[in-house]
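Undergrad: File work_29.tsv follows (TSV, N, CA and C atoms):
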```tsv
chain	number	residue	atom	x	y	z
X	13	GLN	N	0.84	-1.19	0.00
X	13	GLN	CA	0.00	0.00	0.00
X	13	GLN	C	0.88	1.24	0.00
X	14	VAL	N	0.41	2.26	-0.74
X	14	VAL	CA	1.13	3.53	-0.80
X	14	VAL	C	0.31	4.56	-0.06
X	15	GLN	N	0.93	5.31	0.84
X	15	GLN	CA	0.23	6.41	1.52
X	15	GLN	C	0.39	7.67	0.71
X	16	LEU	N	-0.72	8.35	0.44
X	16	LEU	CA	-0.74	9.51	-0.43
X	16	LEU	C	-1.24	10.72	0.33
X	17	VAL	N	-0.53	11.84	0.22
X	17	VAL	CA	-0.91	13.06	0.92
X	17	VAL	C	-0.88	14.22	-0.09
X	18	GLU	N	-2.06	14.80	-0.35
X	18	GLU	CA	-2.17	15.91	-1.28
X	18	GLU	C	-1.95	17.24	-0.56
X	19	SER	N	-1.50	18.22	-1.32
X	19	SER	CA	-1.36	19.58	-0.83
X	19	SER	C	-1.44	20.53	-2.00
X	20	GLY	N	-1.57	21.82	-1.70
X	20	GLY	CA	-1.53	22.83	-2.74
X	20	GLY	C	-2.87	23.42	-3.12
X	21	GLY	N	-3.94	22.91	-2.55
X	21	GLY	CA	-5.25	23.47	-2.86
X	21	GLY	C	-5.42	24.84	-2.22
X	22	GLY	N	-6.51	25.50	-2.58
X	22	GLY	CA	-6.79	26.81	-2.00
X	22	GLY	C	-7.82	27.55	-2.81
X	23	LEU	N	-7.92	28.84	-2.53
X	23	LEU	CA	-8.87	29.73	-3.20
X	23	LEU	C	-8.13	30.55	-4.24
X	24	VAL	N	-8.66	30.57	-5.45
X	24	VAL	CA	-8.02	31.31	-6.53
X	24	VAL	C	-9.10	31.93	-7.40
X	25	GLN	N	-8.80	33.05	-8.02
X	25	GLN	CA	-9.76	33.68	-8.93
X	25	GLN	C	-9.76	32.98	-10.27
X	26	ALA	N	-10.87	33.07	-10.94
X	26	ALA	CA	-10.96	32.51	-12.29
X	26	ALA	C	-9.84	33.07	-13.16
X	27	GLY	N	-9.24	32.18	-13.94
X	27	GLY	CA	-8.12	32.57	-14.78
X	27	GLY	C	-6.77	32.35	-14.12
X	28	GLY	N	-6.77	32.08	-12.84
X	28	GLY	CA	-5.54	31.87	-12.10
X	28	GLY	C	-5.01	30.46	-12.21
X	29	SER	N	-3.95	30.19	-11.45
X	29	SER	CA	-3.27	28.89	-11.50
X	29	SER	C	-3.02	28.36	-10.10
X	30	LEU	N	-2.96	27.05	-10.02
X	30	LEU	CA	-2.55	26.36	-8.80
X	30	LEU	C	-1.75	25.13	-9.20
X	31	ARG	N	-0.86	24.71	-8.33
X	31	ARG	CA	-0.17	23.44	-8.53
X	31	ARG	C	-0.42	22.55	-7.33
X	32	LEU	N	-1.02	21.42	-7.58
X	32	LEU	CA	-1.26	20.43	-6.55
X	32	LEU	C	-0.10	19.45	-6.51
X	33	SER	N	0.21	18.99	-5.31
X	33	SER	CA	1.24	17.98	-5.12
X	33	SER	C	0.65	16.80	-4.37
X	34	CYS	N	1.21	15.64	-4.62
X	34	CYS	CA	0.80	14.43	-3.92
X	34	CYS	C	2.07	13.68	-3.54
X	35	ALA	N	2.37	13.68	-2.24
X	35	ALA	CA	3.56	12.99	-1.75
X	35	ALA	C	3.20	11.55	-1.41
X	36	ALA	N	3.99	10.64	-1.94
X	36	ALA	CA	3.72	9.22	-1.74
X	36	ALA	C	4.80	8.60	-0.86
X	37	SER	N	4.39	7.81	0.08
X	37	SER	CA	5.35	7.08	0.91
X	37	SER	C	5.59	5.71	0.30
X	38	GLY	N	6.64	5.07	0.74
X	38	GLY	CA	6.92	3.73	0.26
X	38	GLY	C	7.81	3.75	-0.96
X	39	SER	N	8.28	2.59	-1.33
X	39	SER	CA	9.26	2.47	-2.41
X	39	SER	C	8.65	2.04	-3.72
X	40	THR	N	7.30	1.99	-3.78
X	40	THR	CA	6.67	1.47	-4.99
X	40	THR	C	6.10	2.55	-5.89
X	41	PHE	N	6.30	3.83	-5.53
X	41	PHE	CA	5.69	4.91	-6.31
X	41	PHE	C	6.04	4.81	-7.78
X	42	SER	N	7.32	4.62	-8.08
X	42	SER	CA	7.76	4.64	-9.48
X	42	SER	C	7.16	3.50	-10.29
X	43	SER	N	6.68	2.46	-9.64
X	43	SER	CA	6.11	1.32	-10.35
X	43	SER	C	4.59	1.39	-10.44
X	44	ASN	N	4.00	2.49	-9.99
X	44	ASN	CA	2.55	2.66	-10.03
X	44	ASN	C	2.13	3.72	-11.03
X	45	ALA	N	1.13	3.40	-11.85
X	45	ALA	CA	0.45	4.45	-12.59
X	45	ALA	C	-0.33	5.28	-11.57
X	46	MET	N	-0.46	6.57	-11.84
X	46	MET	CA	-1.09	7.48	-10.89
X	46	MET	C	-2.12	8.34	-11.60
X	47	ALA	N	-2.97	8.95	-10.81
X	47	ALA	CA	-4.03	9.77	-11.40
X	47	ALA	C	-4.49	10.83	-10.41
X	48	TRP	N	-5.11	11.85	-10.96
X	48	TRP	CA	-5.85	12.85	-10.18
X	48	TRP	C	-7.33	12.70	-10.51
X	49	TYR	N	-8.13	12.72	-9.46
X	49	TYR	CA	-9.59	12.74	-9.58
X	49	TYR	C	-10.10	13.99	-8.90
X	50	ARG	N	-11.34	14.34	-9.17
X	50	ARG	CA	-11.97	15.45	-8.44
X	50	ARG	C	-13.43	15.14	-8.20
X	51	GLN	N	-13.93	15.72	-7.12
X	51	GLN	CA	-15.32	15.53	-6.77
X	51	GLN	C	-15.91	16.85	-6.31
X	52	ALA	N	-16.83	17.36	-7.11
X	52	ALA	CA	-17.55	18.57	-6.74
X	52	ALA	C	-18.68	18.21	-5.79
X	53	LEU	N	-19.14	19.20	-5.04
X	53	LEU	CA	-20.18	18.97	-4.04
X	53	LEU	C	-21.43	18.38	-4.69
X	54	GLY	N	-21.85	17.25	-4.19
X	54	GLY	CA	-23.06	16.62	-4.70
X	54	GLY	C	-22.90	15.86	-5.99
X	55	LYS	N	-21.66	15.71	-6.45
X	55	LYS	CA	-21.43	15.03	-7.72
X	55	LYS	C	-20.52	13.83	-7.51
X	56	GLN	N	-20.42	13.01	-8.52
X	56	GLN	CA	-19.56	11.84	-8.43
X	56	GLN	C	-18.10	12.24	-8.60
X	57	ARG	N	-17.22	11.35	-8.20
X	57	ARG	CA	-15.78	11.58	-8.34
X	57	ARG	C	-15.38	11.21	-9.77
X	58	ASP	N	-14.74	12.13	-10.45
X	58	ASP	CA	-14.38	11.94	-11.85
X	58	ASP	C	-12.87	11.98	-12.05
X	59	LEU	N	-12.42	11.24	-13.03
X	59	LEU	CA	-11.02	11.24	-13.41
X	59	LEU	C	-10.67	12.56	-14.10
X	60	VAL	N	-9.58	13.16	-13.67
X	60	VAL	CA	-9.09	14.40	-14.27
X	60	VAL	C	-7.94	14.12	-15.23
X	61	ALA	N	-6.96	13.36	-14.74
X	61	ALA	CA	-5.78	13.07	-15.53
X	61	ALA	C	-5.09	11.85	-14.96
X	62	SER	N	-4.38	11.14	-15.82
X	62	SER	CA	-3.62	9.98	-15.37
X	62	SER	C	-2.25	9.99	-16.03
X	63	ILE	N	-1.32	9.27	-15.41
X	63	ILE	CA	0.04	9.21	-15.95
X	63	ILE	C	0.60	7.82	-15.71
X	64	THR	N	1.22	7.27	-16.73
X	64	THR	CA	1.78	5.93	-16.61
X	64	THR	C	3.13	5.98	-15.90
X	65	THR	N	3.69	4.81	-15.65
X	65	THR	CA	5.00	4.76	-15.00
X	65	THR	C	6.08	5.39	-15.88
X	66	SER	N	5.86	5.37	-17.19
X	66	SER	CA	6.85	5.94	-18.11
X	66	SER	C	6.58	7.41	-18.41
X	67	GLY	N	5.49	7.97	-17.82
X	67	GLY	CA	5.24	9.40	-17.99
X	67	GLY	C	4.23	9.78	-19.06
X	68	ARG	N	3.58	8.79	-19.64
X	68	ARG	CA	2.57	9.13	-20.65
X	68	ARG	C	1.29	9.58	-19.96
X	69	ALA	N	0.78	10.72	-20.38
X	69	ALA	CA	-0.36	11.35	-19.70
X	69	ALA	C	-1.63	11.30	-20.55
X	70	ASN	N	-2.76	11.25	-19.85
X	70	ASN	CA	-4.06	11.35	-20.49
X	70	ASN	C	-4.92	12.30	-19.66
X	71	TYR	N	-5.84	13.00	-20.34
X	71	TYR	CA	-6.63	14.03	-19.67
X	71	TYR	C	-8.10	13.90	-20.02
X	72	ALA	N	-8.92	14.31	-19.06
X	72	ALA	CA	-10.34	14.47	-19.35
X	72	ALA	C	-10.50	15.67	-20.28
X	73	GLY	N	-11.51	15.60	-21.12
X	73	GLY	CA	-11.71	16.66	-22.10
X	73	GLY	C	-11.87	18.04	-21.48
X	74	ALA	N	-12.48	18.10	-20.31
X	74	ALA	CA	-12.77	19.39	-19.68
X	74	ALA	C	-11.51	20.13	-19.23
X	75	VAL	N	-10.41	19.40	-19.07
X	75	VAL	CA	-9.19	20.04	-18.55
X	75	VAL	C	-8.04	20.01	-19.54
X	76	LYS	N	-8.25	19.35	-20.67
X	76	LYS	CA	-7.17	19.24	-21.65
X	76	LYS	C	-6.70	20.62	-22.06
X	77	ALA	N	-5.41	20.80	-22.21
X	77	ALA	CA	-4.76	22.06	-22.60
X	77	ALA	C	-4.71	23.08	-21.48
X	78	ARG	N	-5.34	22.79	-20.34
X	78	ARG	CA	-5.26	23.70	-19.18
X	78	ARG	C	-4.48	23.07	-18.03
X	79	PHE	N	-4.62	21.76	-17.85
X	79	PHE	CA	-3.98	21.06	-16.74
X	79	PHE	C	-2.83	20.19	-17.27
X	80	THR	N	-1.80	20.03	-16.44
X	80	THR	CA	-0.69	19.16	-16.78
X	80	THR	C	-0.35	18.27	-15.60
X	81	ILE	N	-0.40	16.98	-15.83
X	81	ILE	CA	0.00	16.01	-14.79
X	81	ILE	C	1.45	15.62	-15.02
X	82	SER	N	2.19	15.48	-13.95
X	82	SER	CA	3.58	15.07	-14.06
X	82	SER	C	3.97	14.31	-12.79
X	83	ARG	N	5.11	13.68	-12.85
X	83	ARG	CA	5.59	12.91	-11.70
X	83	ARG	C	7.09	13.06	-11.58
X	84	ASP	N	7.56	13.04	-10.35
X	84	ASP	CA	8.99	13.07	-10.06
X	84	ASP	C	9.27	11.83	-9.23
X	85	ASN	N	9.72	10.78	-9.89
X	85	ASN	CA	9.89	9.50	-9.20
X	85	ASN	C	10.93	9.54	-8.09
X	86	PRO	N	12.11	10.19	-8.28
X	86	PRO	CA	13.07	10.24	-7.16
X	86	PRO	C	12.49	10.94	-5.93
X	87	LYS	N	11.55	11.87	-6.14
X	87	LYS	CA	10.95	12.58	-5.01
X	87	LYS	C	9.63	11.94	-4.56
X	88	ASN	N	9.23	10.84	-5.22
X	88	ASN	CA	7.97	10.18	-4.87
X	88	ASN	C	6.80	11.16	-4.86
X	89	THR	N	6.73	12.02	-5.86
X	89	THR	CA	5.71	13.06	-5.86
X	89	THR	C	5.00	13.15	-7.21
X	90	LEU	N	3.69	13.30	-7.13
X	90	LEU	CA	2.84	13.52	-8.29
X	90	LEU	C	2.37	14.97	-8.26
X	91	TYR	N	2.26	15.57	-9.44
X	91	TYR	CA	1.85	16.97	-9.53
X	91	TYR	C	0.66	17.13	-10.47
X	92	LEU	N	-0.07	18.21	-10.25
X	92	LEU	CA	-1.09	18.64	-11.20
X	92	LEU	C	-1.00	20.16	-11.31
X	93	GLN	N	-0.48	20.62	-12.42
X	93	GLN	CA	-0.44	22.06	-12.70
X	93	GLN	C	-1.75	22.45	-13.35
X	94	MET	N	-2.45	23.39	-12.73
X	94	MET	CA	-3.76	23.80	-13.22
X	94	MET	C	-3.71	25.28	-13.61
X	95	ASN	N	-3.93	25.56	-14.88
X	95	ASN	CA	-3.91	26.92	-15.40
X	95	ASN	C	-5.30	27.29	-15.92
X	96	SER	N	-5.49	28.58	-16.11
X	96	SER	CA	-6.77	29.08	-16.65
X	96	SER	C	-7.95	28.47	-15.91
X	97	LEU	N	-7.89	28.52	-14.61
X	97	LEU	CA	-8.92	27.86	-13.79
X	97	LEU	C	-10.28	28.53	-13.98
X	98	LYS	N	-11.31	27.70	-13.91
X	98	LYS	CA	-12.69	28.15	-14.07
X	98	LYS	C	-13.48	27.80	-12.80
X	99	PRO	N	-14.57	28.51	-12.56
X	99	PRO	CA	-15.39	28.17	-11.38
X	99	PRO	C	-15.83	26.70	-11.37
X	100	GLU	N	-16.04	26.14	-12.54
X	100	GLU	CA	-16.47	24.73	-12.60
X	100	GLU	C	-15.35	23.75	-12.25
X	101	ASP	N	-14.13	24.24	-12.05
X	101	ASP	CA	-13.04	23.38	-11.57
X	101	ASP	C	-13.08	23.23	-10.05
X	102	THR	N	-13.96	23.98	-9.40
X	102	THR	CA	-14.08	23.89	-7.95
X	102	THR	C	-14.46	22.47	-7.53
X	103	ALA	N	-13.65	21.88	-6.65
X	103	ALA	CA	-13.87	20.49	-6.23
X	103	ALA	C	-12.82	20.12	-5.20
X	104	VAL	N	-13.01	18.96	-4.60
X	104	VAL	CA	-11.94	18.34	-3.83
X	104	VAL	C	-11.16	17.47	-4.80
X	105	TYR	N	-9.86	17.65	-4.81
X	105	TYR	CA	-8.99	16.92	-5.73
X	105	TYR	C	-8.26	15.82	-4.96
X	106	TYR	N	-8.28	14.63	-5.53
X	106	TYR	CA	-7.67	13.45	-4.90
X	106	TYR	C	-6.61	12.85	-5.82
X	107	CYS	N	-5.50	12.45	-5.26
X	107	CYS	CA	-4.58	11.65	-6.06
X	107	CYS	C	-4.84	10.18	-5.74
X	108	ALA	N	-4.50	9.34	-6.68
X	108	ALA	CA	-4.78	7.93	-6.55
X	108	ALA	C	-3.73	7.11	-7.25
X	109	ALA	N	-3.42	5.97	-6.69
X	109	ALA	CA	-2.64	4.96	-7.39
X	109	ALA	C	-3.64	4.10	-8.16
X	110	ILE	N	-3.35	3.82	-9.40
X	110	ILE	CA	-4.32	3.12	-10.25
X	110	ILE	C	-3.70	1.89	-10.89
X	111	ASN	N	-4.58	0.98	-11.28
X	111	ASN	CA	-4.18	-0.15	-12.11
X	111	ASN	C	-5.25	-0.31	-13.19
X	112	PRO	N	-5.14	-1.29	-14.07
X	112	PRO	CA	-6.15	-1.39	-15.14
X	112	PRO	C	-7.59	-1.51	-14.64
X	113	SER	N	-7.78	-1.93	-13.40
X	113	SER	CA	-9.14	-2.04	-12.84
X	113	SER	C	-9.63	-0.72	-12.26
X	114	GLY	N	-8.73	0.25	-12.11
X	114	GLY	CA	-9.12	1.53	-11.55
X	114	GLY	C	-8.28	1.91	-10.35
X	115	PRO	N	-8.72	2.90	-9.57
X	115	PRO	CA	-7.95	3.34	-8.41
X	115	PRO	C	-7.97	2.30	-7.29
X	116	TRP	N	-6.83	2.13	-6.64
X	116	TRP	CA	-6.79	1.17	-5.53
X	116	TRP	C	-6.28	1.79	-4.23
X	117	ASP	N	-5.87	3.04	-4.30
X	117	ASP	CA	-5.43	3.73	-3.09
X	117	ASP	C	-5.67	5.21	-3.30
X	118	TRP	N	-6.14	5.89	-2.25
X	118	TRP	CA	-6.51	7.30	-2.35
X	118	TRP	C	-5.80	8.13	-1.29
X	119	GLY	N	-5.59	9.42	-1.65
X	119	GLY	CA	-5.21	10.39	-0.64
X	119	GLY	C	-6.46	10.93	0.03
X	120	GLN	N	-6.25	11.90	0.92
X	120	GLN	CA	-7.37	12.45	1.69
X	120	GLN	C	-8.06	13.60	0.96
X	121	GLY	N	-7.42	14.12	-0.07
X	121	GLY	CA	-8.01	15.18	-0.87
X	121	GLY	C	-7.56	16.57	-0.45
X	122	THR	N	-7.62	17.48	-1.40
X	122	THR	CA	-7.31	18.89	-1.14
X	122	THR	C	-8.35	19.74	-1.87
X	123	GLN	N	-8.86	20.75	-1.19
X	123	GLN	CA	-9.96	21.55	-1.72
X	123	GLN	C	-9.43	22.64	-2.65
X	124	VAL	N	-10.04	22.76	-3.80
X	124	VAL	CA	-9.77	23.86	-4.74
X	124	VAL	C	-11.06	24.63	-4.94
X	125	ILE	N	-11.00	25.93	-4.72
X	125	ILE	CA	-12.16	26.80	-4.93
X	125	ILE	C	-11.76	27.89	-5.91
X	126	VAL	N	-12.52	27.99	-6.98
X	126	VAL	CA	-12.25	29.01	-8.00
X	126	VAL	C	-13.40	30.00	-7.99
X	127	SER	N	-13.08	31.24	-7.67
X	127	SER	CA	-14.12	32.26	-7.59
X	127	SER	C	-14.25	32.98	-8.92
X	128	SER	N	-15.46	33.40	-9.21
X	128	SER	CA	-15.72	34.07	-10.50
X	128	SER	C	-15.53	35.58	-10.38
```
Starting from the file, lay out its structure as structure tokens.

TA:
Amino acid sequence: QVQLVESGGGLVQAGGSLRLSCAASGSTFSSNAMAWYRQALGKQRDLVASITTSGRANYAGAVKARFTISRDNPKNTLYLQMNSLKPEDTAVYYCAAINPSGPWDWGQGTQVIVSS
């Protein structure tokens, strides 16, 4: 099991930027595909972006060209750079370790609020 701790959330105006970080404990981070999910109030948790062990990234259509997922394996850290933020990006953001069946480990989440 990998312990995941997100940070970097906060309040930002529309059009602004934030960078989320997810620190992973344990020695297996580099061998895990990882992802960011988000859950808005009253809505289901949705996939935002994922990254393979080799660094190949995929994005949900709503965030493509605005968000960038990356990983630093020596630092055991996953990142999500979020630019041109919109009020509809407001949500709790979670990092997750994933496999072909889906997420198998979650962080506690970090709140992002985008004001209009």

Undergrad: Using only N, CA and C atoms, can you tell me which of X:Leu59, X:Ala103, X:Asn85, X:Trp116 comes closest to Ser43 in chain X?

TA: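 Nearest candidate to Ser43 in chain X out of X:Leu59, X:Ala103, X:Asn85, X:Trp116: X:Asn85.
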
Undergrad: For Gly21 in chain X, which of X:Tyr105, X:Ile110, X:Gln120, X:Met46 is the closest residue, counting all atoms listed in the file?

TA: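 Ranked by minimum distance to Gly21 in chain X, first place goes to X:Tyr105.
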
Undergrad: Check the smallest atom-to-atom distance from each of X:Ser128, X:Asn95, X:Thr64, X:Gln123 to Gln25 in chain X using all atoms listed in the file, then report the winner.

TA: X:Ser128

Undergrad: Which is closest to Pro99 in chain X among X:Gly20, X:Ala36, X:Thr80, X:Ser127, if we use only N, CA and C atoms?

TA: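 So, comparing all the options, the nearest one is X:Ser127.
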
Undergrad: DSSP on the backbone: which residues in chain X end up as strand (DSSP E or B)? Give the answer as a ChimeraX atom specification.

TA: /X:16-19,22-25,30-36,45-51,57-63,69-71,79-84,89-94,103-111,114-118,122-127

Undergrad: With a distance cut-off of 6 Å and only N, CA and C atoms, select the neighbouring residues of Thr89 in chain X, excluding the residue or stretch itself and same-chain residues fewer than 4 positions from it, and output the selection as a PyMOL selection string.

TA: chain X and resi 34-36+82-85

Undergrad: Taking only N, CA and C atoms into account, which of X:Ala72, X:Leu92, X:Val124, X:Ala61 comes nearest Ser33 in chain X?

TA: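 Ranking X:Ala72, X:Leu92, X:Val124, X:Ala61 by distance to Ser33 in chain X, first place goes to X:Leu92.
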
Undergrad: Identify all residues of chain X in helix (DSSP H, G or I) (DSSP on the backbone) and supply them as number ranges by chain.

TA: X: 41-43, 85-87, 99-101

Undergrad: Go ahead and write the residues just picked, N, CA and C atoms, as a PDB file, keeping the file's coordinate frame.

TA:
```
ATOM      1  N   PHE X  41       6.300   3.830  -5.530  1.00  0.00           N
ATOM      2  CA  PHE X  41       5.690   4.910  -6.310  1.00  0.00           C
ATOM      3  C   PHE X  41       6.040   4.810  -7.780  1.00  0.00           C
ATOM      4  N   SER X  42       7.320   4.620  -8.080  1.00  0.00           N
ATOM      5  CA  SER X  42       7.760   4.640  -9.480  1.00  0.00           C
ATOM      6  C   SER X  42       7.160   3.500 -10.290  1.00  0.00           C
ATOM      7  N   SER X  43       6.680   2.460  -9.640  1.00  0.00           N
ATOM      8  CA  SER X  43       6.110   1.320 -10.350  1.00  0.00           C
ATOM      9  C   SER X  43       4.590   1.390 -10.440  1.00  0.00           C
ATOM     10  N   ASN X  85       9.720  10.780  -9.890  1.00  0.00           N
ATOM     11  CA  ASN X  85       9.890   9.500  -9.200  1.00  0.00           C
ATOM     12  C   ASN X  85      10.930   9.540  -8.090  1.00  0.00           C
ATOM     13  N   PRO X  86      12.110  10.190  -8.280  1.00  0.00           N
ATOM     14  CA  PRO X  86      13.070  10.240  -7.160  1.00  0.00           C
ATOM     15  C   PRO X  86      12.490  10.940  -5.930  1.00  0.00           C
ATOM     16  N   LYS X  87      11.550  11.870  -6.140  1.00  0.00           N
ATOM     17  CA  LYS X  87      10.950  12.580  -5.010  1.00  0.00           C
ATOM     18  C   LYS X  87       9.630  11.940  -4.560  1.00  0.00           C
ATOM     19  N   PRO X  99     -14.570  28.510 -12.560  1.00  0.00           N
ATOM     20  CA  PRO X  99     -15.390  28.170 -11.380  1.00  0.00           C
ATOM     21  C   PRO X  99     -15.830  26.700 -11.370  1.00  0.00           C
ATOM     22  N   GLU X 100     -16.040  26.140 -12.540  1.00  0.00           N
ATOM     23  CA  GLU X 100     -16.470  24.730 -12.600  1.00  0.00           C
ATOM     24  C   GLU X 100     -15.350  23.750 -12.250  1.00  0.00           C
ATOM     25  N   ASP X 101     -14.130  24.240 -12.050  1.00  0.00           N
ATOM     26  CA  ASP X 101     -13.040  23.380 -11.570  1.00  0.00           C
ATOM     27  C   ASP X 101     -13.080  23.230 -10.050  1.00  0.00           C
TER      28      ASP X 101
END
```

Undergrad: Please measure the separation of CA of Leu53 in chain X and CA of Lys98 in chain X, giving the value in Å to one decimal.

TA: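 These two atoms are separated by 15.5 Å.
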
Undergrad: From the set X:Ile81, X:Leu16, X:Ala47, X:Ala52, which residue has the shortest atom-to-atom contact distance to Met94 in chain X, counting all atoms listed in the file?

TA: X:Ile81

Undergrad: Do you have the atom N of Gly119 in chain X-atom N of Cys107 in chain X distance handy?

TA: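 Atom N of Gly119 in chain X sits 4.7 Å away from atom N of Cys107 in chain X.
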
Undergrad: One number please: atom C of Asn70 in chain X to atom C of Gln56 in chain X, in Å, one decimal.

TA: 17.2 Å

Undergrad: I'd like the contact shell of Trp118 in chain X - 8 Å cut-off, all atoms listed in the file, skipping same-chain residues fewer than 6 positions apart - returned as a ChimeraX atom specification.

TA: /X:14-18,106-110
